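So this block is start-v7.cif, mmCIF, C-alpha atoms and all ligand atoms:
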data_start
loop_
_atom_site.label_atom_id
_atom_site.label_comp_id
_atom_site.auth_asym_id
_atom_site.auth_seq_id
_atom_site.Cartn_x
_atom_site.Cartn_y
_atom_site.Cartn_z
CA MET N 1 130.43 127.19 124.63
CA ILE N 2 130.43 128.55 121.09
CA GLN N 3 133.13 126.04 120.01
CA TYR N 4 131.12 123.20 121.56
CA SER N 5 128.07 124.38 119.69
CA ILE N 6 129.94 124.48 116.36
CA LEU N 7 131.40 121.02 117.00
CA CYS N 8 127.96 119.80 117.88
CA LYS N 9 126.50 121.18 114.68
CA LYS N 10 129.33 119.64 112.63
CA SER N 11 128.67 116.27 114.24
CA ILE N 12 124.97 116.55 113.54
CA TRP N 13 125.67 117.38 109.90
CA ALA N 14 128.11 114.45 109.65
CA ILE N 15 125.55 112.09 111.18
CA ALA N 16 122.83 113.46 108.93
CA LEU N 17 125.02 113.01 105.84
CA VAL N 18 125.90 109.41 106.77
CA ALA N 19 122.24 108.73 107.51
CA MET N 20 121.23 110.12 104.11
CA LEU N 21 123.85 108.02 102.35
CA PHE N 22 122.72 104.80 104.00
CA ALA N 23 119.00 105.46 104.31
CA THR N 24 118.33 106.46 100.71
CA PRO N 25 120.44 104.24 98.46
CA ASP N 26 117.90 104.60 95.63
CA ALA N 27 117.34 108.33 96.09
CA ALA N 28 119.83 109.12 93.31
CA ALA N 29 117.38 109.33 90.41
CA GLN N 30 118.77 108.15 87.09
CA THR N 31 119.94 110.92 84.78
CA THR N 32 120.81 111.18 81.12
CA SER N 33 124.33 111.75 79.82
CA ASP N 34 125.26 114.20 77.08
CA ALA N 35 127.33 111.63 75.18
CA CYS N 36 127.15 107.83 75.23
CA SER N 37 127.78 106.45 78.73
CA TYR N 38 127.32 103.12 80.46
CA ALA N 39 127.82 104.68 83.90
CA VAL N 40 125.58 103.46 86.72
CA ALA N 41 124.02 106.93 87.08
CA ASN N 42 122.78 106.71 83.48
CA GLN N 43 121.29 103.21 83.75
CA TYR N 44 117.50 103.00 83.60
CA THR N 45 115.59 100.25 85.38
CA VAL N 46 113.70 97.62 83.42
CA ASN N 47 110.35 97.37 85.22
CA THR N 48 107.54 94.87 84.70
CA SER N 49 105.19 97.63 83.54
CA CYS N 50 105.64 101.20 82.27
CA THR N 51 107.07 103.23 85.16
CA PHE N 52 108.26 106.64 84.00
CA GLU N 53 111.60 108.12 85.10
CA THR N 54 112.99 111.55 84.18
CA PHE N 55 114.90 111.63 80.88
CA ASN N 56 115.84 115.25 80.18
CA LYS N 57 117.97 116.79 77.42
CA PRO N 58 119.16 120.08 78.89
CA GLY N 59 119.90 122.98 76.56
CA THR N 60 123.58 122.66 77.47
CA TYR N 61 123.89 119.22 75.78
CA ASN N 62 125.68 118.89 72.44
CA ALA N 63 125.25 116.89 69.24
CA ASP N 64 127.24 113.68 69.64
CA TYR N 65 125.88 111.04 67.28
CA ASN N 66 123.58 111.33 64.29
CA PRO N 67 122.04 107.97 63.45
CA GLY N 68 120.31 109.53 60.42
CA THR N 69 117.24 107.29 60.74
CA CYS N 70 113.66 108.06 61.80
CA GLY N 71 114.17 111.71 60.91
CA ALA N 72 117.17 112.16 63.23
CA GLY N 73 119.69 114.91 62.45
CA ALA N 74 122.99 116.23 63.77
CA ASN N 75 121.16 117.79 66.72
CA ASP N 76 121.84 117.88 70.43
CA ASP N 77 121.16 114.47 71.92
CA ALA N 78 120.76 112.80 75.32
CA PHE N 79 121.73 109.22 76.25
CA GLY N 80 120.82 106.58 78.80
CA TRP N 81 121.01 102.81 78.86
CA PHE N 82 119.42 99.64 80.26
CA GLN N 83 120.37 96.00 80.67
CA ALA N 84 117.78 93.63 79.23
CA THR N 85 116.09 91.27 81.67
CA ALA N 86 113.86 89.49 79.15
CA THR N 87 113.65 88.61 75.48
CA SER N 88 111.29 91.48 74.75
CA THR N 89 111.54 95.04 76.07
CA THR N 90 109.47 98.14 75.44
CA VAL N 91 110.83 101.70 75.67
CA THR N 92 108.49 104.72 75.66
CA PHE N 93 109.62 108.35 75.71
CA ASP N 94 107.07 110.99 76.73
CA PRO N 95 108.20 114.52 75.78
CA LEU N 96 107.09 117.50 77.86
CA ASN N 97 106.16 120.97 76.56
CA ASN N 98 104.66 119.68 73.32
CA HIS N 99 108.09 118.87 71.86
CA ASP N 100 108.64 116.52 68.91
CA ALA N 101 111.00 113.71 69.90
CA VAL N 102 112.96 111.01 68.11
CA LEU N 103 113.84 107.83 70.02
CA HIS N 104 116.64 105.40 69.17
CA VAL N 105 118.01 102.23 70.75
CA PHE N 106 121.43 100.78 69.92
CA THR N 107 123.91 98.22 71.08
CA GLY N 108 127.65 98.77 70.92
CA PRO N 109 130.47 100.36 72.90
CA CYS N 110 130.58 104.12 73.44
CA GLY N 111 132.43 105.59 70.46
CA GLY N 112 130.86 102.98 68.22
CA PRO N 113 130.31 101.21 66.08
CA TYR N 114 126.65 101.25 67.12
CA THR N 115 124.10 98.75 65.90
CA GLN N 116 120.63 100.24 65.67
CA ILE N 117 118.02 97.95 67.20
CA SER N 118 115.04 100.22 66.60
CA CYS N 119 113.91 103.84 66.30
CA ALA N 120 110.61 105.70 66.52
CA ASN N 121 109.28 109.01 65.29
CA ALA N 122 105.68 108.12 64.68
CA GLY N 123 104.14 111.16 66.31
CA GLY N 124 104.48 114.92 66.17
CA ASN N 125 104.53 117.54 68.89
CA GLY N 126 103.99 116.16 72.38
CA VAL N 127 103.38 112.61 71.16
CA ASN N 128 105.02 109.64 72.92
CA GLU N 129 107.51 107.57 70.94
CA THR N 130 107.64 103.81 71.61
CA VAL N 131 109.87 100.98 70.42
CA ASN N 132 109.16 97.29 71.04
CA LEU N 133 112.46 95.43 71.05
CA THR N 134 113.60 91.86 70.82
CA THR N 135 116.32 91.84 73.46
CA VAL N 136 119.03 89.51 74.75
CA ILE N 137 118.99 89.04 78.51
CA GLY N 138 122.10 90.61 80.07
CA THR N 139 122.94 92.75 77.04
CA ASN N 140 123.28 96.53 77.47
CA TYR N 141 121.20 98.79 75.22
CA LEU N 142 121.86 102.47 74.59
CA ILE N 143 118.92 104.91 74.42
CA ARG N 144 119.18 108.17 72.48
CA THR N 145 116.67 111.04 72.28
CA GLN N 146 116.72 114.31 70.36
CA ARG N 147 114.26 117.03 69.34
CA ILE N 148 113.36 117.14 65.66
CA ALA N 149 115.51 119.81 63.99
CA SER N 150 116.20 121.62 67.25
CA ASN N 151 119.13 122.01 69.63
CA ASN N 152 117.01 123.52 72.38
CA GLY N 153 116.38 121.61 75.57
CA MET N 154 113.77 118.84 75.71
CA ASP N 155 112.53 117.55 79.06
CA GLY N 156 110.57 114.34 79.29
CA SER N 157 110.33 110.95 80.91
CA ILE N 158 111.03 107.42 79.80
CA CYS N 159 109.86 103.96 80.80
CA VAL N 160 111.63 100.69 80.06
CA TYR N 161 109.75 97.51 80.80
CA SER N 162 109.44 93.80 80.11
CA PRO N 163 106.23 92.09 81.19
CA PRO N 164 107.05 89.04 83.34
CA PRO N 165 106.64 85.62 81.70
CA PRO N 166 103.31 83.91 82.39
CA PRO N 167 103.08 81.40 85.26
CA ALA N 168 103.49 77.70 84.41
CA ASN N 169 99.74 77.11 84.96
CA ASP N 170 98.62 79.85 82.56
CA ASP N 171 96.65 77.33 80.47
CA PRO N 172 94.21 74.55 81.47
CA CYS N 173 96.44 71.79 80.03
CA ALA N 174 99.23 72.94 82.37
CA ALA N 175 96.89 73.26 85.35
CA THR N 176 98.53 72.83 88.75
CA VAL N 177 97.19 69.57 90.21
CA LEU N 178 95.87 70.07 93.75
CA THR N 179 95.46 67.22 96.20
CA VAL N 180 92.18 67.13 98.10
CA ASN N 181 93.33 67.03 101.71
CA THR N 182 91.26 66.53 104.86
CA SER N 183 91.98 70.15 105.87
CA CYS N 184 93.22 73.23 104.02
CA SER N 185 96.85 72.75 102.97
CA ASN N 186 97.77 75.80 100.92
CA THR N 187 99.64 75.86 97.61
CA ALA N 188 101.42 79.18 96.93
CA SER N 189 100.58 80.63 93.53
CA THR N 190 100.53 83.80 91.43
CA ASN N 191 98.72 85.20 88.42
CA ILE N 192 101.41 87.81 87.68
CA GLY N 193 102.08 87.70 83.95
CA ALA N 194 99.11 85.40 83.32
CA THR N 195 97.24 85.75 80.06
CA SER N 196 93.61 85.19 79.15
CA THR N 197 92.47 81.76 78.01
CA GLY N 198 91.04 81.43 74.52
CA GLY N 199 88.38 78.94 73.51
CA ILE N 200 86.58 78.88 76.86
CA PRO N 201 83.80 81.44 77.46
CA ALA N 202 84.94 84.29 79.71
CA PRO N 203 83.66 84.10 83.30
CA THR N 204 80.64 86.25 84.02
CA CYS N 205 81.47 87.10 87.64
CA ALA N 206 84.20 89.00 89.53
CA SER N 207 85.04 91.48 86.72
CA TYR N 208 87.05 89.05 84.58
CA SER N 209 89.46 90.78 82.20
CA GLY N 210 92.01 88.01 81.50
CA GLY N 211 95.07 87.08 83.50
CA ASP N 212 93.83 83.67 84.62
CA VAL N 213 95.66 80.64 86.00
CA TRP N 214 94.40 77.05 86.25
CA PHE N 215 94.24 74.26 88.83
CA SER N 216 92.72 70.81 88.78
CA PHE N 217 91.74 68.21 91.33
CA VAL N 218 90.16 64.77 91.37
CA ALA N 219 86.92 64.68 93.37
CA PRO N 220 87.15 62.46 96.47
CA VAL N 221 84.92 59.48 97.10
CA ASN N 222 82.33 61.51 99.04
CA GLY N 223 82.02 64.04 96.17
CA VAL N 224 82.77 67.01 98.44
CA ALA N 225 85.26 69.80 97.68
CA ASN N 226 85.87 73.02 99.55
CA ILE N 227 88.05 75.29 97.40
CA GLU N 228 89.54 78.15 99.42
CA THR N 229 91.80 81.01 98.39
CA THR N 230 93.90 83.27 100.62
CA ALA N 231 95.02 86.75 99.66
CA GLY N 232 98.67 87.65 99.13
CA GLY N 233 99.61 90.48 96.77
CA LEU N 234 96.29 89.62 95.11
CA THR N 235 93.45 90.74 97.38
CA ASP N 236 90.41 90.43 95.10
CA SER N 237 90.06 87.20 93.15
CA GLY N 238 87.45 85.54 90.99
CA MET N 239 87.17 81.78 90.59
CA GLU N 240 85.19 79.41 88.38
CA LEU N 241 84.80 75.65 88.73
CA TYR N 242 84.34 73.48 85.63
CA THR N 243 84.05 69.98 84.35
CA ALA N 244 85.73 69.37 81.02
CA THR N 245 85.74 66.71 78.35
CA ALA N 246 89.54 67.20 78.23
CA CYS N 247 91.99 69.97 79.19
CA ASN N 248 91.64 71.31 75.65
CA GLY N 249 88.04 70.16 75.27
CA THR N 250 84.64 71.57 76.13
CA PHE N 251 84.36 73.23 79.53
CA THR N 252 81.09 73.28 81.46
CA SER N 253 80.76 75.78 84.28
CA ILE N 254 79.58 74.56 87.67
CA GLU N 255 79.95 77.76 89.70
CA CYS N 256 81.48 81.23 89.35
CA ASP N 257 82.39 82.98 92.60
CA ASN N 258 83.58 86.45 93.51
CA ASN N 259 83.75 87.05 97.27
CA ASP N 260 82.58 83.96 99.20
CA GLY N 261 85.98 83.67 100.87
CA SER N 262 87.79 85.95 103.29
CA GLY N 263 87.70 89.63 102.27
CA ASN N 264 87.27 89.83 98.52
CA MET N 265 88.77 86.41 97.87
CA SER N 266 86.84 83.51 96.34
CA GLU N 267 85.64 80.25 97.82
CA ILE N 268 83.54 77.45 96.37
CA LEU N 269 82.02 74.61 98.40
CA ARG N 270 80.44 71.84 96.36
CA THR N 271 78.83 68.55 97.22
CA GLY N 272 77.61 65.93 94.80
CA LEU N 273 80.73 65.97 92.65
CA THR N 274 81.49 62.77 90.77
CA SER N 275 84.06 60.73 92.65
CA GLY N 276 87.21 60.20 90.60
CA GLN N 277 86.38 62.89 88.03
CA THR N 278 88.84 65.70 87.29
CA TYR N 279 87.54 69.21 87.94
CA TYR N 280 89.16 72.45 86.74
CA ILE N 281 89.53 75.71 88.65
CA ARG N 282 90.10 79.01 86.84
CA LEU N 283 91.38 81.86 89.01
CA TRP N 284 91.88 85.53 88.09
CA GLY N 285 92.21 88.97 89.68
CA ALA N 286 89.12 91.18 89.62
CA SER N 287 89.42 93.92 86.97
CA GLY N 288 92.80 92.54 85.87
CA ALA N 289 94.50 92.61 89.30
CA ALA N 290 97.61 90.43 89.58
CA GLY N 291 99.58 89.14 92.54
CA THR N 292 100.40 86.19 94.74
CA PHE N 293 97.77 84.12 96.55
CA SER N 294 97.29 80.66 98.07
CA ILE N 295 94.76 77.98 97.24
CA CYS N 296 93.65 74.69 98.79
CA VAL N 297 91.02 72.03 98.18
CA TRP N 298 89.83 70.00 101.10
CA ALA N 299 87.00 67.74 102.16
CA THR N 300 85.87 66.32 105.47
CA PRO N 301 86.98 62.67 105.47
CA PRO N 302 84.20 60.05 105.59
CA PRO N 303 83.41 58.61 109.04
CA ALA N 304 84.87 55.22 110.01
CA ASN N 305 81.48 53.56 109.53
CA ASP N 306 80.99 54.88 105.99
CA ASP N 307 80.74 51.32 104.69
CA PRO N 308 78.88 48.27 106.08
CA CYS N 309 82.18 46.51 106.75
CA GLY N 310 83.13 49.42 109.00
CA ALA N 311 79.79 49.38 110.82
CA THR N 312 79.90 50.63 114.40
CA ALA N 313 79.07 47.71 116.70
CA LEU N 314 76.29 48.68 119.12
CA THR N 315 75.79 46.90 122.42
CA VAL N 316 72.26 45.92 123.43
CA ASN N 317 71.94 47.47 126.86
CA THR N 318 69.14 47.18 129.40
CA THR N 319 68.48 50.94 129.12
CA CYS N 320 69.12 53.45 126.33
CA SER N 321 72.79 54.29 126.15
CA THR N 322 73.42 56.53 123.13
CA THR N 323 76.39 56.23 120.78
CA PRO N 324 77.37 59.48 118.95
CA GLY N 325 77.44 59.34 115.15
CA THR N 326 77.79 61.62 112.13
CA ASN N 327 77.07 61.40 108.44
CA VAL N 328 79.28 64.41 107.57
CA GLY N 329 81.63 63.40 104.78
CA CYS N 330 79.67 60.23 104.01
CA SER N 331 79.99 58.80 100.53
CA HIS N 332 77.28 57.06 98.60
CA ASN N 333 77.25 53.40 99.59
CA ARG N 334 79.36 51.78 96.94
CA ARG N 335 78.15 48.28 97.83
CA SER N 336 74.55 49.36 97.33
CA ARG N 337 75.42 50.67 93.90
CA THR N 338 77.01 47.33 93.10
CA TYR N 339 73.78 45.65 94.16
CA VAL N 340 71.75 48.02 91.98
CA ARG N 341 73.95 47.28 88.99
CA LYS N 342 73.59 43.53 89.64
CA LEU N 343 69.84 43.98 89.99
CA PHE N 344 69.48 45.74 86.66
CA ARG N 345 71.58 43.10 84.96
CA TRP N 346 69.56 40.29 86.55
CA ARG N 347 66.25 41.99 85.69
CA ARG N 348 67.30 42.23 82.09
CA VAL N 349 68.06 38.51 82.08
CA VAL N 350 64.80 37.45 83.74
CA LEU N 351 62.64 39.74 81.57
CA VAL N 352 64.20 38.30 78.47
CA ARG N 353 63.49 34.81 79.83
CA GLY N 354 59.92 35.84 80.77
CA THR N 355 60.44 35.17 84.47
CA ASP N 356 58.47 36.91 87.23
CA GLN N 357 59.98 40.35 87.88
CA ARG N 358 59.28 40.09 91.64
CA HIS N 359 62.29 37.77 92.00
CA GLY N 360 64.34 40.80 91.08
CA GLU N 361 62.79 42.81 93.91
CA HIS N 362 63.69 39.98 96.27
CA LEU N 363 67.30 40.19 95.23
CA HIS N 364 67.25 44.00 95.64
CA ASN N 365 65.70 43.75 99.09
CA GLY N 366 67.93 40.92 100.10
CA CA T 1 124.66 114.97 73.29
CA CA T 2 108.29 112.55 67.05
CA CA T 3 95.75 82.08 81.44
CA CA T 4 86.55 88.80 94.53
#
Take the structure I supplied and represent it as structure tokens, if you would.
Amino acid sequence: MIQYSILCKKSIWAIALVAMLFATPDAAAQTTSDACSYAVANQYTVNTSCTFETFNKPGTYNADYNPGTCGAGANDDAFGWFQATATSTTVTFDPLNNHDAVLHVFTGPCGGPYTQISCANAGGNGVNETVNLTTVIGTNYLIRTQRIASNNGMDGSICVYSPPPPPANDDPCAATVLTVNTSCSNTASTNIGATSTGGIPAPTCASYSGGDVWFSFVAPVNGVANIETTAGGLTDSGMELYTATACNGTFTSIECDNNDGSGNMSEILRTGLTSGQTYYIRLWGASGAAGTFSICVWATPPPANDDPCGATALTVNTTCSTTPGTNVGCSHNRRSRTYVRKLFRWRRVVLVRGTDQRHGEHLHNG
């Protein structure tokens, strides 16, 4: 019974160990190395924003490399590394316990020669040190920290990050063109990495703080557009509809919306838009939020009898027999407008010739 119990416990431990190994592949937090190392355990993640990870220099570490720049000396140092994922990378070291840190970044194999990319020692005790680097994607960069003129331990944390590139439709002239469908047909989008747009007044609704992306559509013949957004990673959007003289011209706001859609998402329904005119949509995350979302523009199609040539034929019955009809989605009668244009032209002619204006009314009525 005792042996069974021991076996049982051993099995449980074995299962638990296997479970830990497979269930927590990222549980092994990155650590520094005493000397230069490009081991996986010493690799720090390049995030899209500053996410601190532990970067300690224990008192047991030794002095391994003195770059001699930014006030560095032959003092105990700690190393880590990252692989660049973008053409610009920022590294910030935050020392604990009010210590005075020096931060260096190099390329080169362990043992050297090292090429210094940047160093920082702008602040004194307890002050973060930051370097903004021009980096080559796929290249490995070595990070070194030390305490100013001290071999005692220095705990702290580090963040390595490269903001994602802006979306293709970051600017109005690269606006994503949306088709006005007869029902909502979503286009997947994102404002992650988007920047603010200069030259156009900032929206005055939905806590705009930059990070906008742009869409455009051509108003349909009935001048109706229902612009809907659906949350993804972005759950609180703002949206503004404009006309513009050109994509880099003067923008005139039609409507700014915060939460007319589902949840905190935006929606704009407009009628009376000018058929054939291009309209611009600016979309952003409230208070600088960024994430994925979907957008569509749709309009109820005009009824079959929108034009005289499509008139519904009614039968003359002996009693009232109703025929259902709708004017939802109707456009202005284009033929009437043609008549009006002809009328004005004709009026101009007859007034110049001194003819009776009432003939014009006859043409209009006829
Ligand atoms: Ca060292
Ligand atoms: Ca410093
Ligand atoms: Ca933008
Ligand atoms: Ca909103």
Practice task
Throw together the list of residues within 12 Å of ligand CA 1 (chain T), counting all atoms listed in the file, and drop it here as a ChimeraX atom specification.
Solution key: /N:32-37,56-66,73-80,143-147,151-154
Practice task
Please identify every polymer residue within 12 Å of ligand CA 3 (chain T), using all atoms listed in the file, and present the set as a ChimeraX atom specification.
Solution key: /N:165-175,190-200,202,208-215,281-285,288,290
Problem - Separation of CA of Ser294 in chain N from CA of Arg270 in chain N in Å - result: 19.1 Å
Handout entry: Close residues to ligand CA 2 (chain T) using only C-alpha atoms and all ligand atoms, limit 12 Å, as a PyMOL selection string
Key = chain N and resi 70-72+92-96+98-104+119-130+145-149
What residues have any atom no more than 12 Å from ligand CA 4 (chain T) when counting all atoms listed in the file, and can you list them as an mmCIF file with C-alpha atoms, in the coordinates of the input?
data_model
loop_
_atom_site.group_PDB
_atom_site.id
_atom_site.type_symbol
_atom_site.label_atom_id
_atom_site.label_comp_id
_atom_site.auth_asym_id
_atom_site.auth_seq_id
_atom_site.Cartn_x
_atom_site.Cartn_y
_atom_site.Cartn_z
ATOM 1 C CA CYS N 205 81.470 87.100 87.640
ATOM 2 C CA ALA N 206 84.200 89.000 89.530
ATOM 3 C CA SER N 207 85.040 91.480 86.720
ATOM 4 C CA TYR N 208 87.050 89.050 84.580
ATOM 5 C CA THR N 229 91.800 81.010 98.390
ATOM 6 C CA THR N 230 93.900 83.270 100.620
ATOM 7 C CA ALA N 231 95.020 86.750 99.660
ATOM 8 C CA LEU N 234 96.290 89.620 95.110
ATOM 9 C CA THR N 235 93.450 90.740 97.380
ATOM 10 C CA ASP N 236 90.410 90.430 95.100
ATOM 11 C CA SER N 237 90.060 87.200 93.150
ATOM 12 C CA GLY N 238 87.450 85.540 90.990
ATOM 13 C CA MET N 239 87.170 81.780 90.590
ATOM 14 C CA GLU N 240 85.190 79.410 88.380
ATOM 15 C CA CYS N 256 81.480 81.230 89.350
ATOM 16 C CA ASP N 257 82.390 82.980 92.600
ATOM 17 C CA ASN N 258 83.580 86.450 93.510
ATOM 18 C CA ASN N 259 83.750 87.050 97.270
ATOM 19 C CA ASP N 260 82.580 83.960 99.200
ATOM 20 C CA GLY N 261 85.980 83.670 100.870
ATOM 21 C CA SER N 262 87.790 85.950 103.290
ATOM 22 C CA GLY N 263 87.700 89.630 102.270
ATOM 23 C CA ASN N 264 87.270 89.830 98.520
ATOM 24 C CA MET N 265 88.770 86.410 97.870
ATOM 25 C CA SER N 266 86.840 83.510 96.340
ATOM 26 C CA GLU N 267 85.640 80.250 97.820
ATOM 27 C CA ILE N 268 83.540 77.450 96.370
ATOM 28 C CA LEU N 283 91.380 81.860 89.010
ATOM 29 C CA TRP N 284 91.880 85.530 88.090
ATOM 30 C CA GLY N 285 92.210 88.970 89.680
ATOM 31 C CA ALA N 286 89.120 91.180 89.620
ATOM 32 C CA SER N 287 89.420 93.920 86.970
ATOM 33 C CA GLY N 288 92.800 92.540 85.870
ATOM 34 C CA ALA N 289 94.500 92.610 89.300
#
Exercise for the section: For CA of Glu53 in chain N and CA of Cys159 in chain N, determine how far apart the two atoms are, in Å to one decimal place. Expected result: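 A separation of 6.2 Å between them.
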Problem - Separation of CA of Thr31 in chain N from CA of Tyr44 in chain N, in Å and rounded to one decimal - result: 8.4 Å
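Between Thr250 in chain N and the candidates N:Ser321, N:Tyr280, N:Leu314, N:Pro220, the tightest atom-to-atom separation, counting all atoms listed in the file, involves N:Tyr280.
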Problem - Using all atoms listed in the file: which of N:Thr176, N:Gln30, N:Thr278, N:Asn317 has the shortest distance to Thr243 in chain N - result: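 Smallest distance to Thr243 in chain N is found for N:Thr278.
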Handout entry: Counting only C-alpha atoms, the residue of N:Thr85, N:Asn248, N:Gln43, N:Thr51 that sits nearest Leu142 in chain N
Key =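 That would be N:Gln43, the residue with the smallest distance to Leu142 in chain N.
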